[in-house]
>>> print(open('query-v3.txt').read())   # compact mmCIF, C-alpha atoms
# COMPACT_ATOMS: atom_id res chain seq x y z
CA MET A 1153 96.87 101.75 89.04
CA PRO A 1154 94.73 104.90 89.02
CA PRO A 1155 96.62 107.80 87.43
CA GLU A 1156 96.08 110.01 90.51
CA LEU A 1157 97.97 107.55 92.71
CA SER A 1158 100.73 107.01 90.12
CA LEU A 1159 101.20 110.76 89.75
CA PHE A 1160 101.31 111.18 93.51
CA PHE A 1161 104.06 108.56 93.92
CA CYS A 1162 106.07 109.86 90.96
CA LYS A 1163 106.07 113.41 92.38
CA PHE A 1164 108.45 112.12 95.03
CA VAL A 1165 110.36 109.23 93.42
CA ASN A 1166 110.78 108.16 89.80
CA PHE A 1167 108.93 104.83 89.65
CA SER A 1168 108.60 102.74 86.52
CA ASN A 1169 105.19 101.52 85.37
CA GLU A 1170 106.29 98.01 86.34
CA GLU A 1171 107.18 99.10 89.88
CA LEU A 1172 103.80 100.80 90.26
CA ALA A 1173 101.92 97.81 88.85
CA GLU A 1174 103.72 95.52 91.29
CA ILE A 1175 102.32 97.27 94.37
CA PHE A 1176 98.83 98.08 93.10
CA PRO A 1177 97.40 94.75 94.36
CA PHE A 1178 98.31 95.89 97.89
CA PHE A 1179 95.56 98.54 97.72
CA TYR A 1180 91.80 98.08 97.96
CA LYS A 1181 88.88 100.47 97.48
CA LYS A 1182 86.84 101.68 100.44
CA LYS A 1183 83.85 104.02 100.65
CA ILE A 1184 83.14 106.04 103.76
CA LYS A 1185 79.99 108.08 104.25
CA LYS A 1186 79.93 111.64 105.47
CA GLY A 1187 80.22 111.72 109.25
CA GLU A 1188 81.78 108.26 109.57
CA TRP A 1189 85.21 107.69 111.06
CA LEU A 1190 88.25 106.10 109.46
CA VAL A 1191 90.01 105.99 112.86
CA VAL A 1192 88.74 106.51 116.41
CA PRO A 1193 90.63 106.90 119.69
CA GLY A 1194 91.69 103.66 121.30
CA GLU A 1195 92.09 101.79 118.00
CA VAL A 1196 95.40 101.22 116.26
CA ALA A 1197 95.29 102.73 112.77
CA ASP A 1198 96.12 99.64 110.71
CA GLU A 1199 95.50 101.33 107.35
CA ILE A 1200 96.26 104.51 105.49
CA GLY A 1201 93.99 105.73 102.69
CA PHE A 1202 94.70 107.69 99.53
CA ILE A 1203 91.75 110.03 99.02
CA MET A 1204 90.34 109.54 95.52
CA LYS A 1205 87.19 111.53 96.29
CA GLY A 1206 86.13 113.29 99.44
CA LEU A 1207 87.24 115.30 102.41
CA PHE A 1208 88.56 114.38 105.87
CA ARG A 1209 89.55 115.99 109.10
CA THR A 1210 91.67 114.74 111.94
CA TYR A 1211 90.76 116.02 115.38
CA PHE A 1212 91.06 115.18 119.04
CA LEU A 1213 89.16 116.20 122.15
CA VAL A 1214 90.59 118.50 124.81
CA ASP A 1215 88.31 118.86 127.84
CA GLY A 1216 85.40 117.79 125.65
CA LYS A 1217 86.17 120.35 122.93
CA GLU A 1218 87.25 119.41 119.42
CA SER A 1219 90.65 120.52 118.17
CA THR A 1220 91.12 120.05 114.43
CA ARG A 1221 94.69 119.15 113.54
CA PHE A 1222 94.40 118.32 109.84
CA LEU A 1223 92.15 118.84 106.82
CA GLY A 1224 92.66 116.84 103.66
CA SER A 1225 91.00 116.22 100.32
CA GLU A 1226 91.65 114.43 97.06
CA GLY A 1227 95.17 113.44 96.15
CA ILE A 1228 96.69 112.86 99.58
CA PHE A 1229 96.93 110.11 102.18
CA VAL A 1230 94.94 110.18 105.42
CA THR A 1231 95.06 108.25 108.69
CA SER A 1232 96.16 108.83 112.26
CA ILE A 1233 99.85 108.99 111.37
CA PRO A 1234 101.12 108.70 114.97
CA SER A 1235 99.06 105.54 115.49
CA PHE A 1236 99.84 104.08 112.06
CA THR A 1237 103.60 104.51 112.44
CA SER A 1238 103.98 103.70 116.16
CA ARG A 1239 101.41 100.86 116.20
CA LYS A 1240 99.91 102.43 119.34
CA PRO A 1241 96.22 103.24 119.89
CA SER A 1242 95.13 106.50 118.32
CA ILE A 1243 94.30 109.53 120.44
CA GLU A 1244 92.49 111.21 117.55
CA TYR A 1245 89.52 110.83 115.26
CA VAL A 1246 89.78 110.77 111.47
CA GLN A 1247 86.35 111.68 110.10
CA ALA A 1248 84.88 111.98 106.61
CA LEU A 1249 83.35 115.41 106.00
CA GLU A 1250 81.92 114.25 102.68
CA ASN A 1251 81.01 110.90 101.15
CA SER A 1252 84.46 109.63 100.28
CA GLU A 1253 86.29 107.02 98.25
CA LEU A 1254 89.76 105.84 99.21
CA LEU A 1255 92.42 103.41 98.13
CA MET A 1256 93.48 101.69 101.34
CA LEU A 1257 96.90 100.29 102.20
CA SER A 1258 97.50 98.19 105.31
CA HIS A 1259 100.53 98.65 107.52
CA GLN A 1260 101.46 95.05 106.72
CA ASN A 1261 101.36 95.69 102.97
CA LEU A 1262 103.42 98.85 103.38
CA GLN A 1263 106.10 96.69 105.00
CA LYS A 1264 105.94 94.36 101.97
CA MET A 1265 106.44 97.37 99.68
CA TYR A 1266 109.62 98.23 101.58
CA GLU A 1267 110.90 94.72 100.87
CA ILE A 1268 110.21 95.06 97.14
CA SER A 1269 112.36 98.15 96.66
CA GLN A 1270 114.25 100.75 98.66
CA LYS A 1271 112.50 103.33 96.49
CA TRP A 1272 109.35 102.83 98.60
CA GLU A 1273 111.25 103.49 101.82
CA ARG A 1274 112.74 106.61 100.24
CA MET A 1275 109.31 107.81 99.13
CA VAL A 1276 107.84 107.37 102.62
CA ARG A 1277 110.84 109.19 104.16
CA ILE A 1278 110.32 112.10 101.76
CA LEU A 1279 106.59 112.16 102.63
CA ALA A 1280 107.44 112.14 106.34
CA GLU A 1281 109.81 115.08 105.87
CA TYR A 1282 107.18 116.97 103.89
CA SER A 1283 104.55 116.27 106.55
CA TYR A 1284 106.92 117.34 109.33
CA ASN A 1285 107.65 120.64 107.56
CA GLU A 1286 103.93 121.27 107.03
CA GLN A 1287 103.29 120.70 110.74
CA GLN A 1288 106.10 123.06 111.69
CA ASP A 1289 104.62 125.74 109.43
CA ARG A 1290 101.22 125.20 111.05
CA ILE A 1291 102.67 125.49 114.57
CA TYR A 1292 104.48 128.69 113.60
CA SER A 1293 101.26 130.06 112.11
CA LEU A 1294 99.27 129.34 115.27
CA ILE A 1295 101.92 131.00 117.45
CA ALA A 1296 103.12 133.94 115.37
CA GLU A 1297 100.40 134.99 112.92
CA THR A 1298 97.26 136.96 113.53
CA ALA A 1299 93.88 135.29 113.08
CA HIS A 1300 93.35 137.39 109.95
CA ASP A 1301 96.68 136.27 108.46
CA ARG A 1302 95.98 132.62 109.28
CA TYR A 1303 92.64 132.83 107.50
CA GLN A 1304 94.11 134.60 104.45
CA ASN A 1305 96.92 132.05 104.21
CA PHE A 1306 94.41 129.20 104.54
CA CYS A 1307 92.32 130.61 101.68
CA LYS A 1308 95.42 131.01 99.47
CA SER A 1309 97.02 127.67 100.25
CA ARG A 1310 93.85 125.57 100.45
CA PRO A 1311 91.32 127.17 98.07
CA ASP A 1312 89.76 123.75 97.42
CA LEU A 1313 88.78 123.47 101.08
CA HIS A 1314 87.54 127.00 101.67
CA GLN A 1315 84.07 126.31 100.25
CA ARG A 1316 83.82 122.62 101.20
CA VAL A 1317 84.65 122.66 104.90
CA PRO A 1318 82.03 123.98 107.36
CA GLN A 1319 83.03 127.37 108.73
CA TYR A 1320 83.07 126.20 112.36
CA ILE A 1321 85.64 123.53 111.44
CA ILE A 1322 87.79 126.06 109.56
CA ALA A 1323 87.65 128.30 112.64
CA ASN A 1324 88.61 125.38 114.85
CA TYR A 1325 91.50 124.45 112.52
CA LEU A 1326 92.73 128.06 112.58
CA GLY A 1327 92.50 128.22 116.37
CA ILE A 1328 89.85 130.94 116.44
CA SER A 1329 86.19 131.17 117.37
CA PRO A 1330 83.48 130.96 114.70
CA GLU A 1331 82.50 134.54 115.60
CA THR A 1332 86.04 135.77 114.96
CA LEU A 1333 86.10 133.95 111.63
CA SER A 1334 82.78 135.55 110.69
CA ARG A 1335 84.18 139.02 111.46
CA ILE A 1336 87.34 138.33 109.45
CA ARG A 1337 85.32 137.09 106.48
CA LYS A 1338 83.18 140.24 106.52
CA GLN A 1339 86.34 142.39 106.49
CA SER A 1340 87.90 140.49 103.57
>>> encode(input="query-v3.txt", output="structure tokens")
Amino acid sequence: MPPELSLFFCKFVNFSNEELAEIFPFFYKKKIKKGEWLVVPGEVADEIGFIMKGLFRTYFLVDGKESTRFLGSEGIFVTSIPSFTSRKPSIEYVQALENSELLMLSHQNLQKMYEISQKWERMVRILAEYSYNEQQDRIYSLIAETAHDRYQNFCKSRPDLHQRVPQYIIANYLGISPETLSRIRKQS
């Protein structure tokens, strides 16, 4: 099992090398080119991918305009979580912003992991709690913080993304116009 994936799992639950080796065959490698989609609206997200290399965004359309909900890079999982967990068609796009390499896990194989050990269920519960708290922080930020504060916090918390994500996508993620972001960047 790649060390990045082992380290990720062991951050949340103490797995033995044997336990990690047992589930590694459930994963397979996938490459996605910049601009391609991992998930599109109307499809059920049957897989979740651990980003080994690359950058993704999750967005949906509101009256024809993009609304970026999530940005993620190496060392995390990416998919349309609502679709993956509910088994319902996605309402969002998951798009590669760079040529990317992932380790993919199917929903079916995740269920098999749960049967192997309760540790896997515990790990996914912890990840769900972490994700929920991140989303709550993001909602609070969009409601209560100024555009300048949102941008500053983004730069501090996600320095790896600041230079890799196009500015118009960062602006969209922060809920501001590209012109506002440009003014904020000039002031900083």
>>> atom_distance(input="query-v3.txt", atom1="CA of Lys1186 in chain A", atom2="CA of Ala1323 in chain A")
19.7 Å
>>> closest_residue(input="query-v3.txt", among="A:Ile1184, A:Met1153, A:Val1230, A:Leu1159", to="Leu1172 in chain A", atoms="only C-alpha atoms")
A:Met1153
>>> closest_residue(input="query-v3.txt", among="A:Gly1194, A:Pro1318, A:Glu1188, A:Phe1236", to="Gln1260 in chain A", atoms="all atoms listed in the file")
A:Phe1236
>>> closest_residue(input="query-v3.txt", among="A:Ile1295, A:Leu1333, A:Ala1248, A:Ile1243", to="Ser1225 in chain A", atoms="all atoms listed in the file")
A:Ala1248
>>> atom_distance(input="query-v3.txt", atom1="CA of Arg1209 in chain A", atom2="CA of Ile1321 in chain A")
8.8 Å
>>> closest_residue(input="query-v3.txt", among="A:Phe1179, A:Phe1160, A:Tyr1245, A:Tyr1282", to="Ser1258 in chain A", atoms="only C-alpha atoms")
A:Phe1179
>>> residues_around(input="query-v3.txt", residues="Tyr1320 in chain A", least_positions_apart="2", cutoff="10 Å", atoms="only C-alpha atoms", output="compact mmCIF listing (two decimals) with C-alpha atoms, in the coordinates of the input")
# COMPACT_ATOMS: atom_id res chain seq x y z
CA VAL A 1317 84.65 122.66 104.90
CA PRO A 1318 82.03 123.98 107.36
CA ILE A 1322 87.79 126.06 109.56
CA ALA A 1323 87.65 128.30 112.64
CA ASN A 1324 88.61 125.38 114.85
CA TYR A 1325 91.50 124.45 112.52
CA LEU A 1326 92.73 128.06 112.58
CA ILE A 1328 89.85 130.94 116.44
CA SER A 1329 86.19 131.17 117.37
CA PRO A 1330 83.48 130.96 114.70
CA GLU A 1331 82.50 134.54 115.60
CA LEU A 1333 86.10 133.95 111.63
CA SER A 1334 82.78 135.55 110.69
